[in-house]
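Heads up, protein_26.cif below (mmCIF, C-alpha atoms, pLDDT in the B column; chains and numbers go by the auth columns):
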data_final
loop_
_atom_site.group_PDB
_atom_site.id
_atom_site.type_symbol
_atom_site.label_atom_id
_atom_site.label_comp_id
_atom_site.label_asym_id
_atom_site.label_seq_id
_atom_site.Cartn_x
_atom_site.Cartn_y
_atom_site.Cartn_z
_atom_site.B_iso_or_equiv
_atom_site.auth_seq_id
_atom_site.auth_asym_id
ATOM 1 C CA MET A 1 0.000 0.000 0.000 91.00 15 A
ATOM 2 C CA THR A 2 1.209 3.496 -0.872 96.00 16 A
ATOM 3 C CA SER A 3 -0.343 6.726 0.420 97.00 17 A
ATOM 4 C CA TYR A 4 -0.156 10.155 -1.204 97.00 18 A
ATOM 5 C CA LEU A 5 -1.124 13.633 -0.045 97.00 19 A
ATOM 6 C CA TYR A 6 -2.334 16.050 -2.692 97.00 20 A
ATOM 7 C CA LYS A 7 -0.444 19.344 -2.379 92.00 21 A
ATOM 8 C CA ASP A 8 -0.289 22.182 -4.900 90.00 22 A
ATOM 9 C CA GLY A 9 -1.593 19.957 -7.678 92.00 23 A
ATOM 10 C CA VAL A 10 0.920 17.151 -7.025 94.00 24 A
ATOM 11 C CA PHE A 11 0.702 13.828 -5.184 96.00 25 A
ATOM 12 C CA VAL A 12 3.423 13.452 -2.545 96.00 26 A
ATOM 13 C CA GLU A 13 4.079 10.116 -0.862 96.00 27 A
ATOM 14 C CA THR A 14 3.269 10.216 2.851 96.00 28 A
ATOM 15 C CA ASN A 15 3.087 8.136 6.029 94.00 29 A
ATOM 16 C CA GLU A 16 0.665 10.570 7.657 89.00 30 A
ATOM 17 C CA ASN A 17 -2.565 9.082 8.965 92.00 31 A
ATOM 18 C CA LEU A 18 -5.113 11.483 10.395 95.00 32 A
ATOM 19 C CA PRO A 19 -8.775 10.787 11.185 95.00 33 A
ATOM 20 C CA ILE A 20 -10.979 10.701 8.083 96.00 34 A
ATOM 21 C CA LEU A 21 -13.824 13.076 7.260 96.00 35 A
ATOM 22 C CA VAL A 22 -14.758 11.571 3.884 97.00 36 A
ATOM 23 C CA ALA A 23 -13.690 8.408 2.086 97.00 37 A
ATOM 24 C CA ASP A 24 -14.589 6.390 -0.984 97.00 38 A
ATOM 25 C CA SER A 25 -13.102 3.087 -2.143 97.00 39 A
ATOM 26 C CA LEU A 26 -13.540 1.238 -5.428 96.00 40 A
ATOM 27 C CA LEU A 27 -12.348 -2.033 -6.905 98.00 41 A
ATOM 28 C CA VAL A 28 -10.179 -1.641 -10.010 98.00 42 A
ATOM 29 C CA SER A 29 -9.577 -4.975 -11.744 97.00 43 A
ATOM 30 C CA GLU A 30 -7.180 -4.967 -14.702 97.00 44 A
ATOM 31 C CA GLY A 31 -7.892 -1.282 -15.216 97.00 45 A
ATOM 32 C CA LYS A 32 -11.686 -1.635 -15.102 98.00 46 A
ATOM 33 C CA VAL A 33 -14.130 -0.397 -12.470 98.00 47 A
ATOM 34 C CA ARG A 34 -17.870 -0.673 -11.819 98.00 48 A
ATOM 35 C CA SER A 35 -20.044 2.452 -11.559 98.00 49 A
ATOM 36 C CA LEU A 36 -17.156 4.911 -11.477 98.00 50 A
ATOM 37 C CA ASP A 37 -19.578 7.776 -12.077 97.00 51 A
ATOM 38 C CA LYS A 38 -21.545 6.924 -8.924 97.00 52 A
ATOM 39 C CA HIS A 39 -18.356 6.802 -6.836 97.00 53 A
ATOM 40 C CA ILE A 40 -17.230 10.200 -8.101 97.00 54 A
ATOM 41 C CA ILE A 41 -20.663 11.747 -7.553 97.00 55 A
ATOM 42 C CA ARG A 42 -20.842 10.330 -4.027 97.00 56 A
ATOM 43 C CA PHE A 43 -17.384 11.663 -3.164 98.00 57 A
ATOM 44 C CA ILE A 44 -18.297 15.134 -4.468 98.00 58 A
ATOM 45 C CA LYS A 45 -21.608 15.117 -2.575 97.00 59 A
ATOM 46 C CA GLN A 46 -19.897 14.051 0.627 96.00 60 A
ATOM 47 C CA THR A 47 -17.204 16.707 0.191 97.00 61 A
ATOM 48 C CA SER A 48 -19.913 19.345 -0.173 97.00 62 A
ATOM 49 C CA LEU A 49 -21.265 18.279 3.229 96.00 63 A
ATOM 50 C CA LYS A 50 -18.001 17.992 5.157 96.00 64 A
ATOM 51 C CA ALA A 51 -15.448 20.182 3.360 97.00 65 A
ATOM 52 C CA PRO A 52 -17.133 22.461 0.801 97.00 66 A
ATOM 53 C CA ASP A 53 -14.061 24.698 0.498 97.00 67 A
ATOM 54 C CA LEU A 54 -12.276 21.782 -1.223 97.00 68 A
ATOM 55 C CA LEU A 55 -14.801 21.477 -4.052 98.00 69 A
ATOM 56 C CA PRO A 56 -12.802 23.652 -6.507 97.00 70 A
ATOM 57 C CA GLN A 57 -9.830 21.273 -6.170 96.00 71 A
ATOM 58 C CA LEU A 58 -11.762 18.084 -6.813 97.00 72 A
ATOM 59 C CA PRO A 59 -11.787 17.937 -10.638 96.00 73 A
ATOM 60 C CA GLU A 60 -8.002 18.031 -10.955 97.00 74 A
ATOM 61 C CA PHE A 61 -7.561 15.852 -7.862 98.00 75 A
ATOM 62 C CA LEU A 62 -9.879 13.168 -9.259 97.00 76 A
ATOM 63 C CA PHE A 63 -8.351 13.186 -12.745 96.00 77 A
ATOM 64 C CA LYS A 64 -4.834 12.814 -11.342 97.00 78 A
ATOM 65 C CA PHE A 65 -6.028 10.076 -8.993 97.00 79 A
ATOM 66 C CA LEU A 66 -7.419 8.102 -11.936 96.00 80 A
ATOM 67 C CA GLU A 67 -4.124 8.492 -13.789 95.00 81 A
ATOM 68 C CA LEU A 68 -2.206 7.117 -10.807 96.00 82 A
ATOM 69 C CA VAL A 69 -4.242 3.938 -10.276 97.00 83 A
ATOM 70 C CA PRO A 70 -2.419 0.877 -11.737 96.00 84 A
ATOM 71 C CA ARG A 71 -4.082 -0.749 -14.728 96.00 85 A
ATOM 72 C CA THR A 72 -2.946 -4.284 -13.833 96.00 86 A
ATOM 73 C CA GLY A 73 -3.998 -6.668 -11.084 96.00 87 A
ATOM 74 C CA ASN A 74 -6.752 -6.085 -8.554 97.00 88 A
ATOM 75 C CA GLN A 75 -6.486 -2.736 -6.785 98.00 89 A
ATOM 76 C CA PHE A 76 -8.687 -1.221 -4.064 98.00 90 A
ATOM 77 C CA PRO A 77 -7.724 2.480 -4.000 98.00 91 A
ATOM 78 C CA ARG A 78 -9.296 4.889 -1.517 98.00 92 A
ATOM 79 C CA LEU A 79 -9.998 8.611 -1.760 98.00 93 A
ATOM 80 C CA GLU A 80 -9.831 10.502 1.523 98.00 94 A
ATOM 81 C CA ILE A 81 -10.352 13.892 3.079 98.00 95 A
ATOM 82 C CA GLN A 82 -8.606 14.053 6.439 97.00 96 A
ATOM 83 C CA THR A 83 -9.683 16.120 9.436 96.00 97 A
ATOM 84 C CA ASP A 84 -7.092 18.785 8.600 96.00 98 A
ATOM 85 C CA LEU A 85 -8.908 19.119 5.219 97.00 99 A
ATOM 86 C CA SER A 86 -6.026 17.576 3.293 97.00 100 A
ATOM 87 C CA LEU A 87 -6.804 15.437 0.249 98.00 101 A
ATOM 88 C CA LYS A 88 -5.230 11.993 0.282 98.00 102 A
ATOM 89 C CA ILE A 89 -5.316 8.731 -1.647 98.00 103 A
ATOM 90 C CA GLN A 90 -4.254 5.207 -0.812 97.00 104 A
ATOM 91 C CA ILE A 91 -3.255 2.797 -3.561 97.00 105 A
ATOM 92 C CA ARG A 92 -3.917 -0.620 -2.071 97.00 106 A
ATOM 93 C CA PRO A 93 -3.923 -4.151 -3.470 97.00 107 A
ATOM 94 C CA ALA A 94 -7.400 -5.613 -3.223 97.00 108 A
ATOM 95 C CA PRO A 95 -8.078 -8.267 -0.582 95.00 109 A
ATOM 96 C CA GLU A 96 -9.250 -11.711 -1.674 94.00 110 A
ATOM 97 C CA ILE A 97 -12.570 -11.745 -3.534 95.00 111 A
ATOM 98 C CA THR A 98 -14.965 -14.435 -2.250 96.00 112 A
ATOM 99 C CA GLN A 99 -18.423 -15.652 -3.261 96.00 113 A
ATOM 100 C CA THR A 100 -19.904 -16.581 0.129 97.00 114 A
ATOM 101 C CA VAL A 101 -19.836 -15.084 3.606 98.00 115 A
ATOM 102 C CA THR A 102 -20.496 -15.926 7.267 98.00 116 A
ATOM 103 C CA LEU A 103 -22.140 -13.299 9.482 98.00 117 A
ATOM 104 C CA TRP A 104 -22.172 -12.485 13.196 98.00 118 A
ATOM 105 C CA THR A 105 -24.542 -10.146 15.009 98.00 119 A
ATOM 106 C CA TYR A 106 -22.899 -7.365 17.007 98.00 120 A
ATOM 107 C CA PRO A 107 -24.492 -7.842 20.455 97.00 121 A
ATOM 108 C CA GLU A 108 -25.127 -4.149 21.228 96.00 122 A
ATOM 109 C CA PRO A 109 -27.103 -1.473 19.354 95.00 123 A
ATOM 110 C CA ASP A 110 -25.274 0.095 16.408 95.00 124 A
ATOM 111 C CA PRO A 111 -22.491 2.176 18.051 96.00 125 A
ATOM 112 C CA ARG A 112 -21.891 4.486 15.090 93.00 126 A
ATOM 113 C CA VAL A 113 -22.799 8.160 15.484 91.00 127 A
ATOM 114 C CA ASP A 114 -21.998 9.829 12.121 89.00 128 A
ATOM 115 C CA LEU A 115 -23.627 8.183 9.109 88.00 129 A
ATOM 116 C CA THR A 116 -24.043 11.343 7.043 87.00 130 A
ATOM 117 C CA VAL A 117 -21.058 10.362 4.872 93.00 131 A
ATOM 118 C CA LYS A 118 -18.701 7.455 4.384 94.00 132 A
ATOM 119 C CA GLY A 119 -15.467 8.012 6.305 94.00 133 A
ATOM 120 C CA PRO A 120 -15.807 9.025 9.957 94.00 134 A
ATOM 121 C CA GLU A 121 -16.906 5.537 11.036 94.00 135 A
ATOM 122 C CA LEU A 122 -14.470 3.508 8.911 94.00 136 A
ATOM 123 C CA GLU A 123 -12.078 2.802 11.774 95.00 137 A
ATOM 124 C CA LEU A 124 -14.925 1.699 14.032 96.00 138 A
ATOM 125 C CA GLY A 125 -16.308 -0.458 11.227 96.00 139 A
ATOM 126 C CA ALA A 126 -12.947 -2.181 10.855 96.00 140 A
ATOM 127 C CA LYS A 127 -12.867 -2.868 14.605 97.00 141 A
ATOM 128 C CA LEU A 128 -16.368 -4.352 14.492 98.00 142 A
ATOM 129 C CA ARG A 129 -15.385 -6.564 11.573 98.00 143 A
ATOM 130 C CA GLN A 130 -12.343 -7.697 13.528 98.00 144 A
ATOM 131 C CA GLN A 131 -14.638 -8.711 16.395 98.00 145 A
ATOM 132 C CA ALA A 132 -16.714 -10.718 13.926 98.00 146 A
ATOM 133 C CA GLN A 133 -13.598 -12.480 12.658 98.00 147 A
ATOM 134 C CA GLU A 134 -12.675 -13.377 16.227 98.00 148 A
ATOM 135 C CA GLN A 135 -16.072 -15.103 16.413 97.00 149 A
ATOM 136 C CA GLY A 136 -15.398 -17.092 13.250 97.00 150 A
ATOM 137 C CA ALA A 137 -17.358 -14.833 10.896 98.00 151 A
ATOM 138 C CA ASP A 138 -16.447 -12.520 8.010 98.00 152 A
ATOM 139 C CA GLU A 139 -18.653 -9.547 8.846 98.00 153 A
ATOM 140 C CA ALA A 140 -20.546 -8.004 11.762 98.00 154 A
ATOM 141 C CA ILE A 141 -24.215 -7.148 11.271 98.00 155 A
ATOM 142 C CA LEU A 142 -25.433 -4.079 13.157 97.00 156 A
ATOM 143 C CA LEU A 143 -28.901 -3.665 14.660 97.00 157 A
ATOM 144 C CA ASN A 144 -30.795 -0.600 15.821 95.00 158 A
ATOM 145 C CA ARG A 145 -32.079 -0.295 19.383 94.00 159 A
ATOM 146 C CA GLU A 146 -35.255 -2.167 18.473 95.00 160 A
ATOM 147 C CA GLY A 147 -33.224 -5.121 17.195 96.00 161 A
ATOM 148 C CA PHE A 148 -33.823 -4.550 13.478 97.00 162 A
ATOM 149 C CA ILE A 149 -31.055 -4.989 10.903 97.00 163 A
ATOM 150 C CA SER A 150 -29.253 -1.869 9.709 96.00 164 A
ATOM 151 C CA GLU A 151 -26.272 -3.110 7.655 97.00 165 A
ATOM 152 C CA GLY A 152 -22.862 -4.710 7.955 97.00 166 A
ATOM 153 C CA SER A 153 -19.954 -2.990 9.660 97.00 167 A
ATOM 154 C CA LEU A 154 -18.457 -2.232 6.219 96.00 168 A
ATOM 155 C CA SER A 155 -21.152 -3.493 3.850 97.00 169 A
ATOM 156 C CA SER A 156 -24.873 -3.627 3.077 97.00 170 A
ATOM 157 C CA LEU A 157 -27.287 -6.482 3.717 98.00 171 A
ATOM 158 C CA VAL A 158 -30.262 -7.361 1.496 98.00 172 A
ATOM 159 C CA TRP A 159 -32.388 -10.479 1.203 98.00 173 A
ATOM 160 C CA TRP A 160 -35.146 -12.158 -0.750 98.00 174 A
ATOM 161 C CA GLU A 161 -38.718 -12.760 0.402 98.00 175 A
ATOM 162 C CA GLU A 162 -40.085 -15.124 -2.233 95.00 176 A
ATOM 163 C CA GLU A 163 -39.380 -13.188 -5.475 97.00 177 A
ATOM 164 C CA THR A 164 -39.077 -9.761 -3.836 98.00 178 A
ATOM 165 C CA LEU A 165 -35.720 -8.125 -3.099 98.00 179 A
ATOM 166 C CA VAL A 166 -35.753 -6.518 0.362 98.00 180 A
ATOM 167 C CA ALA A 167 -33.529 -4.081 2.270 97.00 181 A
ATOM 168 C CA PRO A 168 -33.786 -2.131 5.537 95.00 182 A
ATOM 169 C CA GLY A 169 -35.757 1.080 5.184 88.00 183 A
ATOM 170 C CA ASN A 170 -34.384 4.591 5.487 83.00 184 A
ATOM 171 C CA GLU A 171 -35.825 5.001 8.982 86.00 185 A
ATOM 172 C CA ILE A 172 -32.962 2.746 10.128 87.00 186 A
ATOM 173 C CA PRO A 173 -29.639 4.578 9.600 81.00 187 A
ATOM 174 C CA TRP A 174 -27.313 3.125 6.965 85.00 188 A
ATOM 175 C CA LEU A 175 -24.537 4.538 4.806 89.00 189 A
ATOM 176 C CA GLU A 176 -25.142 5.263 1.137 90.00 190 A
ATOM 177 C CA SER A 177 -24.051 2.156 -0.794 95.00 191 A
ATOM 178 C CA ILE A 178 -23.102 2.153 -4.484 97.00 192 A
ATOM 179 C CA THR A 179 -23.581 -1.606 -4.804 98.00 193 A
ATOM 180 C CA ARG A 180 -26.958 -1.550 -3.052 97.00 194 A
ATOM 181 C CA THR A 181 -28.041 1.230 -5.431 97.00 195 A
ATOM 182 C CA ASP A 182 -26.803 -0.772 -8.442 98.00 196 A
ATOM 183 C CA VAL A 183 -28.590 -3.937 -7.287 98.00 197 A
ATOM 184 C CA PHE A 184 -31.917 -2.168 -6.760 98.00 198 A
ATOM 185 C CA GLU A 185 -31.642 -0.381 -10.107 98.00 199 A
ATOM 186 C CA ILE A 186 -31.015 -3.740 -11.786 98.00 200 A
ATOM 187 C CA ALA A 187 -34.066 -5.218 -10.067 98.00 201 A
ATOM 188 C CA GLU A 188 -36.200 -2.332 -11.327 97.00 202 A
ATOM 189 C CA GLN A 189 -34.877 -2.752 -14.883 97.00 203 A
ATOM 190 C CA LEU A 190 -35.658 -6.490 -14.765 98.00 204 A
ATOM 191 C CA GLY A 191 -39.148 -5.928 -13.404 98.00 205 A
ATOM 192 C CA ILE A 192 -38.338 -7.579 -10.084 98.00 206 A
ATOM 193 C CA LYS A 193 -40.339 -6.381 -7.092 98.00 207 A
ATOM 194 C CA THR A 194 -38.462 -4.575 -4.317 98.00 208 A
ATOM 195 C CA LYS A 195 -39.446 -3.317 -0.885 97.00 209 A
ATOM 196 C CA PHE A 196 -38.030 -2.047 2.398 96.00 210 A
ATOM 197 C CA ALA A 197 -38.787 -3.729 5.692 96.00 211 A
ATOM 198 C CA ASN A 198 -37.702 -3.969 9.315 96.00 212 A
ATOM 199 C CA ARG A 199 -36.418 -7.457 10.017 97.00 213 A
ATOM 200 C CA THR A 200 -34.440 -9.205 12.735 97.00 214 A
ATOM 201 C CA PRO A 201 -31.633 -11.662 11.954 98.00 215 A
ATOM 202 C CA GLU A 202 -33.984 -14.520 12.916 97.00 216 A
ATOM 203 C CA ASP A 203 -36.425 -13.387 10.215 97.00 217 A
ATOM 204 C CA LEU A 204 -33.799 -14.134 7.563 98.00 218 A
ATOM 205 C CA ILE A 205 -33.318 -17.828 8.356 97.00 219 A
ATOM 206 C CA ASN A 206 -34.138 -20.050 5.349 97.00 220 A
ATOM 207 C CA ARG A 207 -34.036 -17.041 3.003 97.00 221 A
ATOM 208 C CA GLU A 208 -31.561 -16.058 0.298 98.00 222 A
ATOM 209 C CA VAL A 209 -29.416 -13.345 1.892 98.00 223 A
ATOM 210 C CA TRP A 210 -26.748 -11.180 0.230 98.00 224 A
ATOM 211 C CA LEU A 211 -23.935 -9.067 1.620 98.00 225 A
ATOM 212 C CA LEU A 212 -22.984 -6.226 -0.750 98.00 226 A
ATOM 213 C CA SER A 213 -19.879 -4.065 -1.161 98.00 227 A
ATOM 214 C CA SER A 214 -17.897 -2.322 -3.883 97.00 228 A
ATOM 215 C CA LEU A 215 -14.995 -4.683 -3.220 97.00 229 A
ATOM 216 C CA GLN A 216 -16.838 -7.988 -3.147 97.00 230 A
ATOM 217 C CA GLY A 217 -19.945 -7.246 -5.183 98.00 231 A
ATOM 218 C CA ILE A 218 -22.585 -9.800 -4.137 98.00 232 A
ATOM 219 C CA ARG A 219 -21.723 -12.497 -1.616 98.00 233 A
ATOM 220 C CA THR A 220 -24.240 -15.144 -0.593 98.00 234 A
ATOM 221 C CA VAL A 221 -24.687 -15.681 3.150 98.00 235 A
ATOM 222 C CA THR A 222 -24.149 -19.351 4.009 97.00 236 A
ATOM 223 C CA SER A 223 -24.140 -19.192 7.807 97.00 237 A
ATOM 224 C CA TRP A 224 -24.728 -16.847 10.741 98.00 238 A
ATOM 225 C CA VAL A 225 -22.708 -17.488 13.892 97.00 239 A
ATOM 226 C CA GLY A 226 -24.940 -18.370 16.845 94.00 240 A
ATOM 227 C CA LEU A 227 -28.046 -18.232 14.666 94.00 241 A
ATOM 228 C CA SER A 228 -28.236 -20.737 11.819 88.00 242 A
ATOM 229 C CA ASP A 229 -26.536 -22.277 8.845 91.00 243 A
ATOM 230 C CA GLN A 230 -29.874 -22.673 7.080 94.00 244 A
ATOM 231 C CA PHE A 231 -29.921 -20.172 4.239 96.00 245 A
ATOM 232 C CA LYS A 232 -31.067 -20.595 0.668 95.00 246 A
ATOM 233 C CA PRO A 233 -28.344 -20.768 -1.994 93.00 247 A
ATOM 234 C CA GLY A 234 -27.869 -17.712 -4.172 92.00 248 A
ATOM 235 C CA GLU A 235 -30.289 -18.689 -6.900 94.00 249 A
ATOM 236 C CA HIS A 236 -30.714 -15.067 -8.049 97.00 250 A
ATOM 237 C CA LYS A 237 -27.019 -14.214 -7.785 97.00 251 A
ATOM 238 C CA GLU A 238 -25.845 -15.342 -11.234 97.00 252 A
ATOM 239 C CA LEU A 239 -28.376 -13.103 -12.991 98.00 253 A
ATOM 240 C CA PHE A 240 -27.419 -10.056 -10.909 98.00 254 A
ATOM 241 C CA ASP A 241 -23.691 -10.747 -11.266 98.00 255 A
ATOM 242 C CA LYS A 242 -24.087 -10.651 -15.043 98.00 256 A
ATOM 243 C CA GLU A 243 -25.984 -7.373 -14.855 98.00 257 A
ATOM 244 C CA LEU A 244 -23.393 -5.835 -12.510 98.00 258 A
ATOM 245 C CA GLU A 245 -20.696 -6.807 -15.000 98.00 259 A
ATOM 246 C CA LYS A 246 -22.424 -4.622 -17.608 98.00 260 A
ATOM 247 C CA LEU A 247 -21.698 -1.616 -15.376 98.00 261 A
ATOM 248 C CA VAL A 248 -17.939 -2.251 -15.521 98.00 262 A
ATOM 249 C CA SER A 249 -15.881 -0.039 -17.836 97.00 263 A
ATOM 250 C CA PRO A 250 -12.188 0.862 -18.342 97.00 264 A
ATOM 251 C CA LEU A 251 -10.741 3.710 -16.337 95.00 265 A
ATOM 252 C CA PRO A 252 -10.553 6.856 -18.448 89.00 266 A
#
So that I can check it, write out the structure of this file as C-alpha cells.
Amino acid sequence: MTSYLYKDGVFVETNENLPILVADSLLVSEGKVRSLDKHIIRFIKQTSLKAPDLLPQLPEFLFKFLELVPRTGNQFPRLEIQTDLSLKIQIRPAPEITQTVTLWTYPEPDPRVDLTVKGPELELGAKLRQQAQEQGADEAILLNREGFISEGSLSSLVWWEEETLVAPGNEIPWLESITRTDVFEIAEQLGIKTKFANRTPEDLINREVWLLSSLQGIRTVTSWVGLSDQFKPGEHKELFDKELEKLVSPLP
C-alpha cells in the first residue's frame, strides 16, 4: 500500500494518517471499475457536506487520482479527506474476492454516530469486523435499538422474500451504498419487485441473503454465527452478477 497527499496539484508520498472526514473506495480490476460515475458523484456530494471549500480542487484531484491507479492486477484504491482538510489517496492491493460469507450479530445497538457520509466511522467499522472475525465470521451485522437490521460494519445487507428483493428502510440509519443502489436499479430494470422492511436476523433464516460491497460485489450468506446455517443458496445471484458486469468499464 502506498499513500499520497495532494499538495499544490501534485501527489506526494506520505506516512501521515489522520482521522478521516470523507472516504470512498472502489475495486479496479485490470484497469476496469464498476459504476465509477456513482463513486465520483458520491465523493463530491460528501465533500460538499463535510469540506465544501475543497470542491474547486476536486476535478483536478480526481483526474490525477485516476491516472495514478495501476491498470494491472486487482487494486482497491481509496480517496480521503482528512480532518485537517487535506486530500489523500491510498493505492492498495485488493483483498481476496470471495463468493460466500459468514455473518455475526454485534451484540449491542449500532455504536456508530456519524452516518451522514462514508469516512468518519471507517475505523470503528474495521474494529467491528475484527470482532466478527474473532467469532469465526467474516462480517458483523449491526442492529438498531429495536433489534432490526441496519447493515454490515463495512457493507450492506439485502435479502429475498419469495421473489421480492428486500432491504432495511431509510428510517434505520445506513450509509449510502453504491452496490446496493446498483442492485436495486437492476431489479427495477428487470421488473423484479423490491421493498423495504424492518427485520431481525432470525427473520432471515431459510431465506436467500446477500452481503454487498464495492470490493466484493454480491456475496451469498451461508451461515450466521450463533443463529443458523440454514440459508437458501444464491439462486438469483448469477443473474445479478451478469448485470453488474455490464456496469464495468475501463478507467478513463
Inset, instruction - On this file, the PyMOL selection byres ((chain A and resi 234) around 12) gives some set of residues; write that set as a PyMOL selection string. - result: chain A and resi 112-117+152+171-174+221-227+230-233+235-238+245-252+254-255
Inset, instruction - Mind checking which residues fall within 9 Å of Leu41 of chain A, counting all atoms listed in the file, ignoring those fewer than 4 positions away in the same chain, and posting them as JSON, numbers by chain? - result: {"A": [46, 47, 48, 88, 89, 90, 91, 108, 228, 229, 230]}
Inset, instruction - Compare A:Thr119, A:Leu19, A:Leu35, A:Ser242 by their minimum atom-to-atom distance to Lys78 of chain A, counting all atoms listed in the file, and give me the closest one. - result: A:Leu19
Inset, instruction - Tell me which protein, DNA and RNA residues are within 10 Å of Glu257 of chain A, counting all atoms listed in the file, leaving out same-chain ones fewer than 3 positions away, and put them as number ranges by chain. - result: A: 196-197, 200-201, 204, 251-254, 260-262
Let's have the selection written as a compact mmCIF listing (two decimals), in the frame of the given file, with C-alpha atoms.
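Final file, part_14.txt:
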# COMPACT_ATOMS: atom_id res chain seq x y z
CA ASP A 196 -26.80 -0.77 -8.44
CA VAL A 197 -28.59 -3.94 -7.29
CA ILE A 200 -31.02 -3.74 -11.79
CA ALA A 201 -34.07 -5.22 -10.07
CA LEU A 204 -35.66 -6.49 -14.76
CA LYS A 251 -27.02 -14.21 -7.78
CA GLU A 252 -25.84 -15.34 -11.23
CA LEU A 253 -28.38 -13.10 -12.99
CA PHE A 254 -27.42 -10.06 -10.91
CA LYS A 260 -22.42 -4.62 -17.61
CA LEU A 261 -21.70 -1.62 -15.38
CA VAL A 262 -17.94 -2.25 -15.52
Find the residues with any atom within 8 Å of (-5.7, -7.1, -14.4); use all atoms listed in the file and the coordinates as given in the file, and write the answer as a PDB file with C-alpha atoms, in the coordinates of the input.
ATOM      1  CA  SER A  43      -9.577  -4.975 -11.744  1.00 97.00           C
ATOM      2  CA  GLU A  44      -7.180  -4.967 -14.702  1.00 97.00           C
ATOM      3  CA  GLY A  45      -7.892  -1.282 -15.216  1.00 97.00           C
ATOM      4  CA  ARG A  85      -4.082  -0.749 -14.728  1.00 96.00           C
ATOM      5  CA  THR A  86      -2.946  -4.284 -13.833  1.00 96.00           C
ATOM      6  CA  GLY A  87      -3.998  -6.668 -11.084  1.00 96.00           C
ATOM      7  CA  ASN A  88      -6.752  -6.085  -8.554  1.00 97.00           C
TER       8      ASN A  88
END
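Between Ile219 of chain A and the candidates A:Gly240, A:Gly161, A:Pro187, A:Gly205, the tightest atom-to-atom separation, counting all atoms listed in the file, involves A:Gly240.
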Using the chain letters and numbers from this file, what does the PyMOL selection byres ((chain A and resi 24) around 12) select? Give the answer as a PDB file with C-alpha atoms, keeping the file's coordinate frame.
ATOM      1  CA  TYR A  18      -0.156  10.155  -1.204  1.00 97.00           C
ATOM      2  CA  LEU A  19      -1.124  13.633  -0.045  1.00 97.00           C
ATOM      3  CA  TYR A  20      -2.334  16.050  -2.692  1.00 97.00           C
ATOM      4  CA  LYS A  21      -0.444  19.344  -2.379  1.00 92.00           C
ATOM      5  CA  ASP A  22      -0.289  22.182  -4.900  1.00 90.00           C
ATOM      6  CA  GLY A  23      -1.593  19.957  -7.678  1.00 92.00           C
ATOM      7  CA  PHE A  25       0.702  13.828  -5.184  1.00 96.00           C
ATOM      8  CA  VAL A  26       3.423  13.452  -2.545  1.00 96.00           C
ATOM      9  CA  GLU A  27       4.079  10.116  -0.862  1.00 96.00           C
ATOM     10  CA  GLN A  71      -9.830  21.273  -6.170  1.00 96.00           C
ATOM     11  CA  GLU A  74      -8.002  18.031 -10.955  1.00 97.00           C
ATOM     12  CA  PHE A  75      -7.561  15.852  -7.862  1.00 98.00           C
ATOM     13  CA  LEU A  76      -9.879  13.168  -9.259  1.00 97.00           C
ATOM     14  CA  PHE A  77      -8.351  13.186 -12.745  1.00 96.00           C
ATOM     15  CA  LYS A  78      -4.834  12.814 -11.342  1.00 97.00           C
ATOM     16  CA  PHE A  79      -6.028  10.076  -8.993  1.00 97.00           C
ATOM     17  CA  LEU A  82      -2.206   7.117 -10.807  1.00 96.00           C
ATOM     18  CA  LEU A 101      -6.804  15.437   0.249  1.00 98.00           C
ATOM     19  CA  LYS A 102      -5.230  11.993   0.282  1.00 98.00           C
ATOM     20  CA  ILE A 103      -5.316   8.731  -1.647  1.00 98.00           C
TER      21      ILE A 103
END
Inset, instruction - Have a look at atom CA of Glu176 of chain A and atom CA of Ala211 of chain A and let me know their distance in Å, one decimal. - result: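 Taking atom CA of Glu176 of chain A and atom CA of Ala211 of chain A, their separation equals 13.9 Å.
What separates atom CA of Asn212 of chain A from atom CA of Pro182 of chain A is a distance of 5.7 Å.
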